[in-house]
file data_12.cif (mmCIF, N, CA and C atoms)
data_data
#
loop_
_atom_site.label_atom_id
_atom_site.label_comp_id
_atom_site.auth_asym_id
_atom_site.auth_seq_id
_atom_site.Cartn_x
_atom_site.Cartn_y
_atom_site.Cartn_z
N MET A 1345 -46.97 -3.21 -67.39
CA MET A 1345 -45.65 -2.84 -66.97
C MET A 1345 -45.74 -1.61 -66.06
N GLU A 1346 -45.10 -1.65 -64.92
CA GLU A 1346 -45.14 -0.53 -63.99
C GLU A 1346 -43.99 0.43 -64.23
N TYR A 1347 -44.23 1.71 -63.99
CA TYR A 1347 -43.20 2.72 -64.14
C TYR A 1347 -43.12 3.55 -62.88
N LEU A 1348 -41.93 4.01 -62.57
CA LEU A 1348 -41.71 4.93 -61.47
C LEU A 1348 -41.56 6.31 -62.07
N LYS A 1349 -42.24 7.27 -61.51
CA LYS A 1349 -42.19 8.63 -62.03
C LYS A 1349 -41.36 9.48 -61.07
N ALA A 1350 -40.41 10.22 -61.60
CA ALA A 1350 -39.56 11.07 -60.77
C ALA A 1350 -39.46 12.44 -61.40
N SER A 1351 -39.69 13.47 -60.63
CA SER A 1351 -39.56 14.84 -61.13
C SER A 1351 -38.32 15.47 -60.56
N TYR A 1352 -37.56 16.13 -61.44
CA TYR A 1352 -36.31 16.75 -61.04
C TYR A 1352 -36.35 18.23 -61.34
N PHE A 1353 -35.48 18.97 -60.72
CA PHE A 1353 -35.31 20.39 -60.97
C PHE A 1353 -36.63 21.15 -60.78
N SER A 1354 -37.21 21.01 -59.62
CA SER A 1354 -38.44 21.72 -59.24
C SER A 1354 -39.59 21.48 -60.20
N GLY A 1355 -39.73 20.25 -60.66
CA GLY A 1355 -40.86 19.89 -61.50
C GLY A 1355 -40.73 20.26 -62.96
N ARG A 1356 -39.59 20.77 -63.40
CA ARG A 1356 -39.42 21.16 -64.79
C ARG A 1356 -39.16 19.98 -65.72
N MET A 1357 -38.79 18.85 -65.16
CA MET A 1357 -38.49 17.69 -65.99
C MET A 1357 -39.01 16.44 -65.29
N THR A 1358 -39.72 15.60 -66.03
CA THR A 1358 -40.22 14.36 -65.47
C THR A 1358 -39.61 13.20 -66.25
N ILE A 1359 -39.08 12.23 -65.52
CA ILE A 1359 -38.43 11.08 -66.13
C ILE A 1359 -39.15 9.83 -65.65
N MET A 1360 -39.39 8.91 -66.55
CA MET A 1360 -40.05 7.65 -66.19
C MET A 1360 -39.00 6.54 -66.18
N PHE A 1361 -38.91 5.81 -65.07
CA PHE A 1361 -38.03 4.66 -64.97
C PHE A 1361 -38.89 3.41 -64.97
N GLN A 1362 -38.51 2.42 -65.75
CA GLN A 1362 -39.25 1.17 -65.74
C GLN A 1362 -38.93 0.45 -64.44
N LYS A 1363 -39.96 0.03 -63.74
CA LYS A 1363 -39.78 -0.67 -62.48
C LYS A 1363 -39.34 -2.10 -62.76
N LYS A 1364 -38.24 -2.50 -62.13
CA LYS A 1364 -37.69 -3.84 -62.34
C LYS A 1364 -38.52 -4.86 -61.57
N ALA A 1365 -38.52 -6.09 -62.06
CA ALA A 1365 -39.16 -7.19 -61.35
C ALA A 1365 -38.35 -7.48 -60.10
N GLU A 1366 -38.91 -8.26 -59.20
CA GLU A 1366 -38.19 -8.63 -57.98
C GLU A 1366 -36.81 -9.20 -58.31
N ASN A 1367 -36.75 -10.07 -59.28
CA ASN A 1367 -35.49 -10.65 -59.70
C ASN A 1367 -35.29 -10.30 -61.17
N PRO A 1368 -34.37 -9.37 -61.49
CA PRO A 1368 -34.21 -8.92 -62.87
C PRO A 1368 -33.76 -10.00 -63.83
N SER A 1369 -33.24 -11.12 -63.34
CA SER A 1369 -32.77 -12.18 -64.25
C SER A 1369 -33.90 -13.11 -64.68
N VAL A 1370 -35.11 -12.91 -64.14
CA VAL A 1370 -36.24 -13.74 -64.53
C VAL A 1370 -36.54 -13.51 -66.01
N GLY A 1371 -36.66 -14.59 -66.76
CA GLY A 1371 -36.97 -14.49 -68.17
C GLY A 1371 -35.75 -14.38 -69.07
N LYS A 1372 -34.55 -14.31 -68.52
CA LYS A 1372 -33.33 -14.23 -69.31
C LYS A 1372 -32.65 -15.60 -69.32
N ALA A 1373 -31.91 -15.87 -70.37
CA ALA A 1373 -31.23 -17.17 -70.50
C ALA A 1373 -30.22 -17.38 -69.38
N ASP A 1374 -30.08 -18.62 -68.95
CA ASP A 1374 -29.11 -18.95 -67.90
C ASP A 1374 -27.69 -18.88 -68.45
N ARG A 1375 -26.76 -18.60 -67.57
CA ARG A 1375 -25.34 -18.58 -67.92
C ARG A 1375 -24.89 -20.02 -68.16
N LYS A 1376 -24.07 -20.24 -69.17
CA LYS A 1376 -23.65 -21.60 -69.52
C LYS A 1376 -22.63 -22.19 -68.56
N LYS A 1377 -21.71 -21.36 -68.04
CA LYS A 1377 -20.72 -21.84 -67.07
C LYS A 1377 -20.32 -20.66 -66.18
N PRO A 1378 -19.84 -20.94 -64.97
CA PRO A 1378 -19.44 -19.84 -64.07
C PRO A 1378 -18.20 -19.13 -64.61
N PRO A 1379 -18.15 -17.81 -64.46
CA PRO A 1379 -16.99 -17.06 -64.95
C PRO A 1379 -15.77 -17.22 -64.06
N ARG A 1380 -14.61 -16.91 -64.62
CA ARG A 1380 -13.37 -16.94 -63.84
C ARG A 1380 -13.27 -15.72 -62.93
N HIS A 1381 -13.88 -14.62 -63.36
CA HIS A 1381 -13.91 -13.38 -62.58
C HIS A 1381 -15.29 -12.76 -62.69
N TYR A 1382 -15.71 -12.06 -61.63
CA TYR A 1382 -17.00 -11.38 -61.61
C TYR A 1382 -16.78 -9.87 -61.58
N ALA A 1383 -17.64 -9.14 -62.27
CA ALA A 1383 -17.58 -7.67 -62.24
C ALA A 1383 -18.28 -7.18 -60.98
N VAL A 1384 -17.57 -6.37 -60.20
CA VAL A 1384 -18.14 -5.77 -58.99
C VAL A 1384 -17.93 -4.26 -59.08
N ILE A 1385 -18.99 -3.50 -58.86
CA ILE A 1385 -18.94 -2.05 -58.99
C ILE A 1385 -18.79 -1.42 -57.61
N ASP A 1386 -17.77 -0.60 -57.45
CA ASP A 1386 -17.60 0.17 -56.22
C ASP A 1386 -18.46 1.42 -56.38
N GLN A 1387 -19.66 1.38 -55.82
CA GLN A 1387 -20.62 2.45 -56.05
C GLN A 1387 -20.27 3.75 -55.32
N ARG A 1388 -19.27 3.71 -54.49
CA ARG A 1388 -18.82 4.97 -53.86
C ARG A 1388 -18.18 5.88 -54.90
N GLY A 1389 -17.69 5.31 -56.00
CA GLY A 1389 -17.07 6.10 -57.05
C GLY A 1389 -17.91 6.20 -58.31
N CYS A 1390 -19.01 5.46 -58.36
CA CYS A 1390 -19.89 5.46 -59.54
C CYS A 1390 -20.62 6.79 -59.64
N THR A 1391 -20.58 7.40 -60.82
CA THR A 1391 -21.26 8.69 -61.03
C THR A 1391 -22.61 8.51 -61.70
N GLY A 1392 -22.95 7.30 -62.08
CA GLY A 1392 -24.22 7.07 -62.76
C GLY A 1392 -24.20 7.44 -64.22
N CYS A 1393 -23.03 7.42 -64.86
CA CYS A 1393 -22.93 7.78 -66.29
C CYS A 1393 -23.52 6.69 -67.18
N HIS A 1394 -23.62 5.47 -66.67
CA HIS A 1394 -24.20 4.33 -67.35
C HIS A 1394 -23.46 3.93 -68.63
N ALA A 1395 -22.18 4.27 -68.73
CA ALA A 1395 -21.38 3.89 -69.91
C ALA A 1395 -21.26 2.38 -70.02
N CYS A 1396 -21.35 1.67 -68.91
CA CYS A 1396 -21.16 0.23 -68.90
C CYS A 1396 -22.39 -0.55 -69.38
N ILE A 1397 -23.57 0.02 -69.27
CA ILE A 1397 -24.80 -0.71 -69.59
C ILE A 1397 -24.85 -1.18 -71.04
N PRO A 1398 -24.61 -0.32 -72.03
CA PRO A 1398 -24.74 -0.80 -73.41
C PRO A 1398 -23.66 -1.78 -73.88
N VAL A 1399 -22.53 -1.85 -73.19
CA VAL A 1399 -21.46 -2.76 -73.63
C VAL A 1399 -21.60 -4.17 -73.06
N CYS A 1400 -22.49 -4.37 -72.11
CA CYS A 1400 -22.66 -5.69 -71.50
C CYS A 1400 -23.37 -6.63 -72.48
N PRO A 1401 -22.71 -7.73 -72.88
CA PRO A 1401 -23.31 -8.63 -73.86
C PRO A 1401 -24.47 -9.46 -73.33
N VAL A 1402 -24.60 -9.58 -72.01
CA VAL A 1402 -25.69 -10.39 -71.43
C VAL A 1402 -26.70 -9.56 -70.65
N ASP A 1403 -26.61 -8.25 -70.75
CA ASP A 1403 -27.57 -7.34 -70.12
C ASP A 1403 -27.71 -7.61 -68.61
N CYS A 1404 -26.58 -7.70 -67.91
CA CYS A 1404 -26.63 -7.99 -66.47
C CYS A 1404 -26.36 -6.77 -65.60
N ILE A 1405 -26.23 -5.59 -66.21
CA ILE A 1405 -25.98 -4.38 -65.43
C ILE A 1405 -27.28 -3.58 -65.38
N GLU A 1406 -27.70 -3.20 -64.18
CA GLU A 1406 -28.97 -2.50 -64.01
C GLU A 1406 -28.80 -1.24 -63.18
N GLN A 1407 -29.75 -0.35 -63.32
CA GLN A 1407 -29.76 0.89 -62.54
C GLN A 1407 -30.37 0.63 -61.17
N VAL A 1408 -29.80 1.24 -60.15
CA VAL A 1408 -30.35 1.18 -58.80
C VAL A 1408 -30.26 2.59 -58.20
N PRO A 1409 -31.08 2.89 -57.20
CA PRO A 1409 -30.99 4.22 -56.58
C PRO A 1409 -29.67 4.40 -55.85
N GLY A 1410 -29.14 5.61 -55.89
CA GLY A 1410 -27.92 5.93 -55.16
C GLY A 1410 -28.20 6.01 -53.66
N VAL A 1411 -27.17 5.86 -52.85
CA VAL A 1411 -27.34 5.86 -51.40
C VAL A 1411 -27.66 7.26 -50.86
N GLU A 1412 -26.88 8.25 -51.27
CA GLU A 1412 -27.04 9.59 -50.71
C GLU A 1412 -28.30 10.30 -51.20
N HIS A 1413 -28.62 10.14 -52.48
CA HIS A 1413 -29.79 10.80 -53.06
C HIS A 1413 -30.56 9.80 -53.91
N PRO A 1414 -31.31 8.87 -53.29
CA PRO A 1414 -31.94 7.79 -54.05
C PRO A 1414 -32.97 8.27 -55.08
N ASP A 1415 -33.59 9.42 -54.86
CA ASP A 1415 -34.57 9.92 -55.83
C ASP A 1415 -33.92 10.64 -56.99
N PHE A 1416 -32.68 11.08 -56.81
CA PHE A 1416 -32.03 11.89 -57.83
C PHE A 1416 -30.94 11.12 -58.57
N MET A 1417 -30.05 10.50 -57.83
CA MET A 1417 -28.90 9.85 -58.46
C MET A 1417 -29.15 8.36 -58.66
N ARG A 1418 -28.90 7.88 -59.86
CA ARG A 1418 -29.02 6.46 -60.19
C ARG A 1418 -27.62 5.93 -60.46
N VAL A 1419 -27.24 4.86 -59.79
CA VAL A 1419 -25.96 4.21 -60.03
C VAL A 1419 -26.24 2.85 -60.66
N VAL A 1420 -25.21 2.08 -60.93
CA VAL A 1420 -25.41 0.78 -61.56
C VAL A 1420 -24.90 -0.35 -60.67
N GLU A 1421 -25.44 -1.53 -60.93
CA GLU A 1421 -25.06 -2.71 -60.17
C GLU A 1421 -25.11 -3.93 -61.09
N VAL A 1422 -24.23 -4.88 -60.86
CA VAL A 1422 -24.15 -6.09 -61.70
C VAL A 1422 -24.99 -7.21 -61.08
N ASP A 1423 -25.80 -7.83 -61.91
CA ASP A 1423 -26.55 -9.03 -61.50
C ASP A 1423 -25.56 -10.19 -61.60
N GLN A 1424 -25.05 -10.65 -60.46
CA GLN A 1424 -24.00 -11.67 -60.45
C GLN A 1424 -24.47 -13.03 -60.95
N ASP A 1425 -25.78 -13.27 -60.96
CA ASP A 1425 -26.28 -14.53 -61.50
C ASP A 1425 -26.17 -14.58 -63.02
N ARG A 1426 -25.99 -13.43 -63.65
CA ARG A 1426 -25.92 -13.34 -65.11
C ARG A 1426 -24.54 -12.98 -65.64
N CYS A 1427 -23.68 -12.41 -64.81
CA CYS A 1427 -22.36 -11.95 -65.26
C CYS A 1427 -21.54 -13.11 -65.82
N ILE A 1428 -20.92 -12.88 -67.00
CA ILE A 1428 -20.08 -13.92 -67.61
C ILE A 1428 -18.59 -13.60 -67.49
N GLY A 1429 -18.26 -12.47 -66.84
CA GLY A 1429 -16.86 -12.12 -66.60
C GLY A 1429 -16.11 -11.67 -67.83
N CYS A 1430 -16.77 -11.04 -68.79
CA CYS A 1430 -16.12 -10.66 -70.05
C CYS A 1430 -15.21 -9.44 -69.93
N GLU A 1431 -15.33 -8.68 -68.85
CA GLU A 1431 -14.51 -7.50 -68.56
C GLU A 1431 -14.82 -6.28 -69.42
N ALA A 1432 -15.85 -6.34 -70.27
CA ALA A 1432 -16.18 -5.19 -71.13
C ALA A 1432 -16.55 -3.96 -70.30
N CYS A 1433 -17.31 -4.15 -69.23
CA CYS A 1433 -17.73 -3.02 -68.40
C CYS A 1433 -16.54 -2.39 -67.67
N ALA A 1434 -15.62 -3.23 -67.19
CA ALA A 1434 -14.45 -2.72 -66.47
C ALA A 1434 -13.54 -1.92 -67.40
N LYS A 1435 -13.45 -2.34 -68.65
CA LYS A 1435 -12.60 -1.63 -69.61
C LYS A 1435 -13.20 -0.29 -70.04
N ILE A 1436 -14.53 -0.20 -70.11
CA ILE A 1436 -15.18 1.01 -70.62
C ILE A 1436 -15.45 2.04 -69.51
N CYS A 1437 -15.45 1.65 -68.25
CA CYS A 1437 -15.80 2.57 -67.16
C CYS A 1437 -14.82 3.74 -67.10
N PRO A 1438 -15.32 4.98 -67.32
CA PRO A 1438 -14.42 6.13 -67.30
C PRO A 1438 -13.93 6.49 -65.89
N TRP A 1439 -14.59 6.00 -64.87
CA TRP A 1439 -14.23 6.33 -63.48
C TRP A 1439 -13.44 5.22 -62.81
N GLU A 1440 -13.21 4.12 -63.54
CA GLU A 1440 -12.45 2.98 -63.03
C GLU A 1440 -12.98 2.47 -61.69
N THR A 1441 -14.30 2.30 -61.63
CA THR A 1441 -14.93 1.81 -60.41
C THR A 1441 -15.49 0.40 -60.56
N ILE A 1442 -15.22 -0.24 -61.68
CA ILE A 1442 -15.65 -1.63 -61.89
C ILE A 1442 -14.41 -2.52 -61.83
N PHE A 1443 -14.46 -3.46 -60.92
CA PHE A 1443 -13.31 -4.34 -60.70
C PHE A 1443 -13.70 -5.78 -60.98
N MET A 1444 -12.77 -6.53 -61.54
CA MET A 1444 -12.98 -7.95 -61.79
C MET A 1444 -12.42 -8.72 -60.60
N GLU A 1445 -13.30 -9.41 -59.89
CA GLU A 1445 -12.91 -10.12 -58.67
C GLU A 1445 -13.04 -11.63 -58.84
N SER A 1446 -12.21 -12.36 -58.13
CA SER A 1446 -12.24 -13.82 -58.19
C SER A 1446 -13.51 -14.35 -57.53
N PRO A 1447 -13.92 -15.58 -57.87
CA PRO A 1447 -15.11 -16.15 -57.24
C PRO A 1447 -15.01 -16.22 -55.71
N ALA A 1448 -13.81 -16.34 -55.18
CA ALA A 1448 -13.64 -16.41 -53.72
C ALA A 1448 -13.84 -15.06 -53.06
N GLU A 1449 -13.58 -13.97 -53.77
CA GLU A 1449 -13.61 -12.63 -53.18
C GLU A 1449 -14.82 -11.77 -53.56
N TYR A 1450 -15.51 -12.09 -54.66
CA TYR A 1450 -16.51 -11.15 -55.16
C TYR A 1450 -17.66 -10.90 -54.20
N GLU A 1451 -18.09 -11.91 -53.46
CA GLU A 1451 -19.21 -11.70 -52.54
C GLU A 1451 -18.85 -10.74 -51.41
N ASN A 1452 -17.64 -10.85 -50.87
CA ASN A 1452 -17.21 -9.92 -49.82
C ASN A 1452 -17.10 -8.50 -50.35
N LYS A 1453 -16.54 -8.34 -51.54
CA LYS A 1453 -16.41 -7.02 -52.15
C LYS A 1453 -17.79 -6.43 -52.46
N MET A 1454 -18.69 -7.27 -52.95
CA MET A 1454 -20.03 -6.81 -53.29
C MET A 1454 -20.76 -6.31 -52.04
N LYS A 1455 -20.62 -7.02 -50.93
CA LYS A 1455 -21.26 -6.60 -49.68
C LYS A 1455 -20.71 -5.27 -49.21
N GLU A 1456 -19.45 -5.03 -49.44
CA GLU A 1456 -18.80 -3.80 -49.00
C GLU A 1456 -19.09 -2.62 -49.93
N TRP A 1457 -19.22 -2.88 -51.23
CA TRP A 1457 -19.26 -1.80 -52.22
C TRP A 1457 -20.61 -1.49 -52.84
N THR A 1458 -21.60 -2.38 -52.74
CA THR A 1458 -22.83 -2.17 -53.51
C THR A 1458 -24.00 -1.69 -52.69
N VAL A 1459 -24.89 -0.96 -53.36
CA VAL A 1459 -26.08 -0.40 -52.72
C VAL A 1459 -27.04 -1.48 -52.27
N ARG A 1460 -27.35 -2.41 -53.16
CA ARG A 1460 -28.37 -3.41 -52.85
C ARG A 1460 -28.04 -4.16 -51.57
N SER A 1461 -26.79 -4.55 -51.40
CA SER A 1461 -26.42 -5.32 -50.22
C SER A 1461 -26.46 -4.46 -48.96
N VAL A 1462 -26.31 -3.15 -49.10
CA VAL A 1462 -26.33 -2.26 -47.93
C VAL A 1462 -27.72 -1.69 -47.70
N LEU A 1463 -28.31 -1.12 -48.75
CA LEU A 1463 -29.56 -0.39 -48.62
C LEU A 1463 -30.78 -1.29 -48.51
N TYR A 1464 -30.80 -2.38 -49.25
CA TYR A 1464 -32.00 -3.21 -49.31
C TYR A 1464 -31.93 -4.47 -48.46
N GLU A 1465 -30.90 -4.60 -47.66
CA GLU A 1465 -30.78 -5.80 -46.84
C GLU A 1465 -31.96 -5.89 -45.89
N GLY A 1466 -32.68 -6.99 -45.95
CA GLY A 1466 -33.81 -7.21 -45.06
C GLY A 1466 -35.08 -6.50 -45.48
N LEU A 1467 -35.07 -5.80 -46.60
CA LEU A 1467 -36.25 -5.07 -47.07
C LEU A 1467 -37.35 -6.07 -47.38
N GLY A 1468 -38.52 -5.81 -46.86
CA GLY A 1468 -39.66 -6.68 -47.12
C GLY A 1468 -39.78 -7.82 -46.14
N THR A 1469 -38.85 -7.92 -45.21
CA THR A 1469 -38.92 -9.01 -44.24
C THR A 1469 -39.49 -8.54 -42.90
N GLN A 1470 -39.72 -7.22 -42.80
CA GLN A 1470 -40.25 -6.69 -41.56
C GLN A 1470 -41.72 -7.08 -41.41
N GLU A 1471 -42.14 -7.26 -40.19
CA GLU A 1471 -43.53 -7.56 -39.92
C GLU A 1471 -44.32 -6.28 -39.94
N ILE A 1472 -45.47 -6.30 -40.61
CA ILE A 1472 -46.30 -5.11 -40.69
C ILE A 1472 -47.14 -5.02 -39.42
N PRO A 1473 -47.03 -3.88 -38.71
CA PRO A 1473 -47.81 -3.73 -37.48
C PRO A 1473 -49.30 -3.64 -37.79
N THR A 1474 -50.09 -4.26 -36.96
CA THR A 1474 -51.53 -4.19 -37.13
C THR A 1474 -52.12 -3.33 -36.03
N LYS A 1475 -53.21 -2.69 -36.36
CA LYS A 1475 -53.87 -1.82 -35.38
C LYS A 1475 -54.63 -2.68 -34.39
N LYS A 1476 -54.34 -2.49 -33.12
CA LYS A 1476 -55.02 -3.26 -32.07
C LYS A 1476 -56.08 -2.39 -31.44
N ASP A 1477 -57.24 -2.98 -31.21
CA ASP A 1477 -58.35 -2.23 -30.59
C ASP A 1477 -58.23 -2.16 -29.11
#
call {"tool": "encode", "arguments": {"input": "data_12.cif", "output": "structure tokens"}}
result
Amino acid sequence: MEYLKASYFSGRMTIMFQKKAENPSVGKADRKKPPRHYAVIDQRGCTGCHACIPVCPVDCIEQVPGVEHPDFMRVVEVDQDRCIGCEACAKICPWETIFMESPAEYENKMKEWTVRSVLYEGLGTQEIPTKKD
């Protein structure tokens, strides 16, 4: 298992984050039916308190690096392939940044509001330059 090591506050504290697999839903049970609503997190308002993570019954909420300070701030994001639309995360969020969106709208909202769709778009698809003699 790989871990990411991050030091904060001038090296006084070291925190280990477990590195996620390419697809975090690998190895988890499939959803039985599509939900009526999907949880979408507006990460512009997310403080990284992670109050939503322990209440998710299917473990579909994960930590991702924040946009402004990716090494320091960790925000959360919903794995839409696993979300069952139970609304538990939206009810518990103290900052009211988790919204339940219809299947027709959630992809557009997710593209607008989430880190992964903005920060990681196209990551790993670039061609690696080779040294030419």
call {"tool": "resolve_selection", "arguments": {"input": "data_12.cif", "expression": "the PyMOL selection byres ((chain A and resi 1394-1400) around 6)", "output": "list in words"}}
result
Thr1391, Gly1392, Cys1393, Pro1401, Val1402, Asp1403, Cys1404, Ile1405, Ala1432, Cys1433, Ile1436 and Cys1437 of chain A
call {"tool": "atom_distance", "arguments": {"input": "data_12.cif", "atom1": "atom CA of Glu1449 of chain A", "atom2": "atom CA of Glu1412 of chain A"}}
result
26.1 Å
call {"tool": "resolve_selection", "arguments": {"input": "data_12.cif", "expression": "the PyMOL selection byres ((chain A and resi 1426) around 6.5)", "output": "list in words"}}
result
Arg1375, Val1402, Cys1404, Asp1423, Gln1424, Asp1425, Cys1427, Ile1428 and Gly1429 of chain A
call {"tool": "write_last_selection", "arguments": {"input": "data_12.cif", "atoms": "N, CA and C atoms", "output": "mmCIF file, keeping the file's coordinate frame"}}
result
data_model
loop_
_atom_site.group_PDB
_atom_site.id
_atom_site.type_symbol
_atom_site.label_atom_id
_atom_site.label_comp_id
_atom_site.auth_asym_id
_atom_site.auth_seq_id
_atom_site.Cartn_x
_atom_site.Cartn_y
_atom_site.Cartn_z
ATOM 1 N N ARG A 1375 -26.760 -18.600 -67.570
ATOM 2 C CA ARG A 1375 -25.340 -18.580 -67.920
ATOM 3 C C ARG A 1375 -24.890 -20.020 -68.160
ATOM 4 N N VAL A 1402 -24.600 -9.580 -72.010
ATOM 5 C CA VAL A 1402 -25.690 -10.390 -71.430
ATOM 6 C C VAL A 1402 -26.700 -9.560 -70.650
ATOM 7 N N CYS A 1404 -26.580 -7.700 -67.910
ATOM 8 C CA CYS A 1404 -26.630 -7.990 -66.470
ATOM 9 C C CYS A 1404 -26.360 -6.770 -65.600
ATOM 10 N N ASP A 1423 -25.800 -7.830 -61.910
ATOM 11 C CA ASP A 1423 -26.550 -9.030 -61.500
ATOM 12 C C ASP A 1423 -25.560 -10.190 -61.600
ATOM 13 N N GLN A 1424 -25.050 -10.650 -60.460
ATOM 14 C CA GLN A 1424 -24.000 -11.670 -60.450
ATOM 15 C C GLN A 1424 -24.470 -13.030 -60.950
ATOM 16 N N ASP A 1425 -25.780 -13.270 -60.960
ATOM 17 C CA ASP A 1425 -26.280 -14.530 -61.500
ATOM 18 C C ASP A 1425 -26.170 -14.580 -63.020
ATOM 19 N N CYS A 1427 -23.680 -12.410 -64.810
ATOM 20 C CA CYS A 1427 -22.360 -11.950 -65.260
ATOM 21 C C CYS A 1427 -21.540 -13.110 -65.820
ATOM 22 N N ILE A 1428 -20.920 -12.880 -67.000
ATOM 23 C CA ILE A 1428 -20.080 -13.920 -67.610
ATOM 24 C C ILE A 1428 -18.590 -13.600 -67.490
ATOM 25 N N GLY A 1429 -18.260 -12.470 -66.840
ATOM 26 C CA GLY A 1429 -16.860 -12.120 -66.600
ATOM 27 C C GLY A 1429 -16.110 -11.670 -67.830
#
call {"tool": "resolve_selection", "arguments": {"input": "data_12.cif", "expression": "the PyMOL selection byres ((chain A and resi 1447) around 7)", "output": "PyMOL selection string"}}
result
chain A and resi 1379-1382+1445-1446+1448-1451
call {"tool": "atom_distance", "arguments": {"input": "data_12.cif", "atom1": "atom C of Asp1386 of chain A", "atom2": "atom C of Glu1456 of chain A"}}
result
7.6 Å
call {"tool": "atom_distance", "arguments": {"input": "data_12.cif", "atom1": "atom CA of Pro1414 of chain A", "atom2": "atom CA of Met1444 of chain A"}}
result
25.8 Å
call {"tool": "closest_residue", "arguments": {"input": "data_12.cif", "among": "A:Val1419, A:Trp1457, A:Cys1430, A:Gln1407", "to": "Cys1390 of chain A", "atoms": "all atoms listed in the file"}}
result
A:Val1419
call {"tool": "axis_aligned_box", "arguments": {"input": "data_12.cif", "around": "segment 1428-1443 of chain A", "padding_each_side": "4 Å", "output": "AutoDock Vina command-line options"}}
result
--center_x -16.7 --center_y -3.7 --center_z -65.8 --size_x 16.5 --size_y 28.4 --size_z 18.7
call {"tool": "select_by_dssp", "arguments": {"input": "data_12.cif", "residues": "segment 1363-1456 of chain A", "states": "alpha helix (DSSP H)", "output": "PyMOL selection string"}}
result
chain A and resi 1432-1436+1450-1456
call {"tool": "write_last_selection", "arguments": {"input": "data_12.cif", "atoms": "N, CA and C atoms", "output": "PDB file, in the coordinates of the input"}}
result
ATOM      1  N   ALA A1432     -15.850  -6.340 -70.270  1.00  0.00           N
ATOM      2  CA  ALA A1432     -16.180  -5.190 -71.130  1.00  0.00           C
ATOM      3  C   ALA A1432     -16.550  -3.960 -70.300  1.00  0.00           C
ATOM      4  N   CYS A1433     -17.310  -4.150 -69.230  1.00  0.00           N
ATOM      5  CA  CYS A1433     -17.730  -3.020 -68.400  1.00  0.00           C
ATOM      6  C   CYS A1433     -16.540  -2.390 -67.670  1.00  0.00           C
ATOM      7  N   ALA A1434     -15.620  -3.230 -67.190  1.00  0.00           N
ATOM      8  CA  ALA A1434     -14.450  -2.720 -66.470  1.00  0.00           C
ATOM      9  C   ALA A1434     -13.540  -1.920 -67.400  1.00  0.00           C
ATOM     10  N   LYS A1435     -13.450  -2.340 -68.650  1.00  0.00           N
ATOM     11  CA  LYS A1435     -12.600  -1.630 -69.610  1.00  0.00           C
ATOM     12  C   LYS A1435     -13.200  -0.290 -70.040  1.00  0.00           C
ATOM     13  N   ILE A1436     -14.530  -0.200 -70.110  1.00  0.00           N
ATOM     14  CA  ILE A1436     -15.180   1.010 -70.620  1.00  0.00           C
ATOM     15  C   ILE A1436     -15.450   2.040 -69.510  1.00  0.00           C
ATOM     16  N   TYR A1450     -15.510 -12.090 -54.660  1.00  0.00           N
ATOM     17  CA  TYR A1450     -16.510 -11.150 -55.160  1.00  0.00           C
ATOM     18  C   TYR A1450     -17.660 -10.900 -54.200  1.00  0.00           C
ATOM     19  N   GLU A1451     -18.090 -11.910 -53.460  1.00  0.00           N
ATOM     20  CA  GLU A1451     -19.210 -11.700 -52.540  1.00  0.00           C
ATOM     21  C   GLU A1451     -18.850 -10.740 -51.410  1.00  0.00           C
ATOM     22  N   ASN A1452     -17.640 -10.850 -50.870  1.00  0.00           N
ATOM     23  CA  ASN A1452     -17.210  -9.920 -49.820  1.00  0.00           C
ATOM     24  C   ASN A1452     -17.100  -8.500 -50.350  1.00  0.00           C
ATOM     25  N   LYS A1453     -16.540  -8.340 -51.540  1.00  0.00           N
ATOM     26  CA  LYS A1453     -16.410  -7.020 -52.150  1.00  0.00           C
ATOM     27  C   LYS A1453     -17.790  -6.430 -52.460  1.00  0.00           C
ATOM     28  N   MET A1454     -18.690  -7.270 -52.950  1.00  0.00           N
ATOM     29  CA  MET A1454     -20.030  -6.810 -53.290  1.00  0.00           C
ATOM     30  C   MET A1454     -20.760  -6.310 -52.040  1.00  0.00           C
ATOM     31  N   LYS A1455     -20.620  -7.020 -50.930  1.00  0.00           N
ATOM     32  CA  LYS A1455     -21.260  -6.600 -49.680  1.00  0.00           C
ATOM     33  C   LYS A1455     -20.710  -5.270 -49.210  1.00  0.00           C
ATOM     34  N   GLU A1456     -19.450  -5.030 -49.440  1.00  0.00           N
ATOM     35  CA  GLU A1456     -18.800  -3.800 -49.000  1.00  0.00           C
ATOM     36  C   GLU A1456     -19.090  -2.620 -49.930  1.00  0.00           C
TER      37      GLU A1456
END
call {"tool": "closest_residue", "arguments": {"input": "data_12.cif", "among": "A:Lys1377, A:Met1417, A:Gly1389, A:Ala1383", "to": "Lys1435 of chain A", "atoms": "only C-alpha atoms"}}
result
A:Ala1383
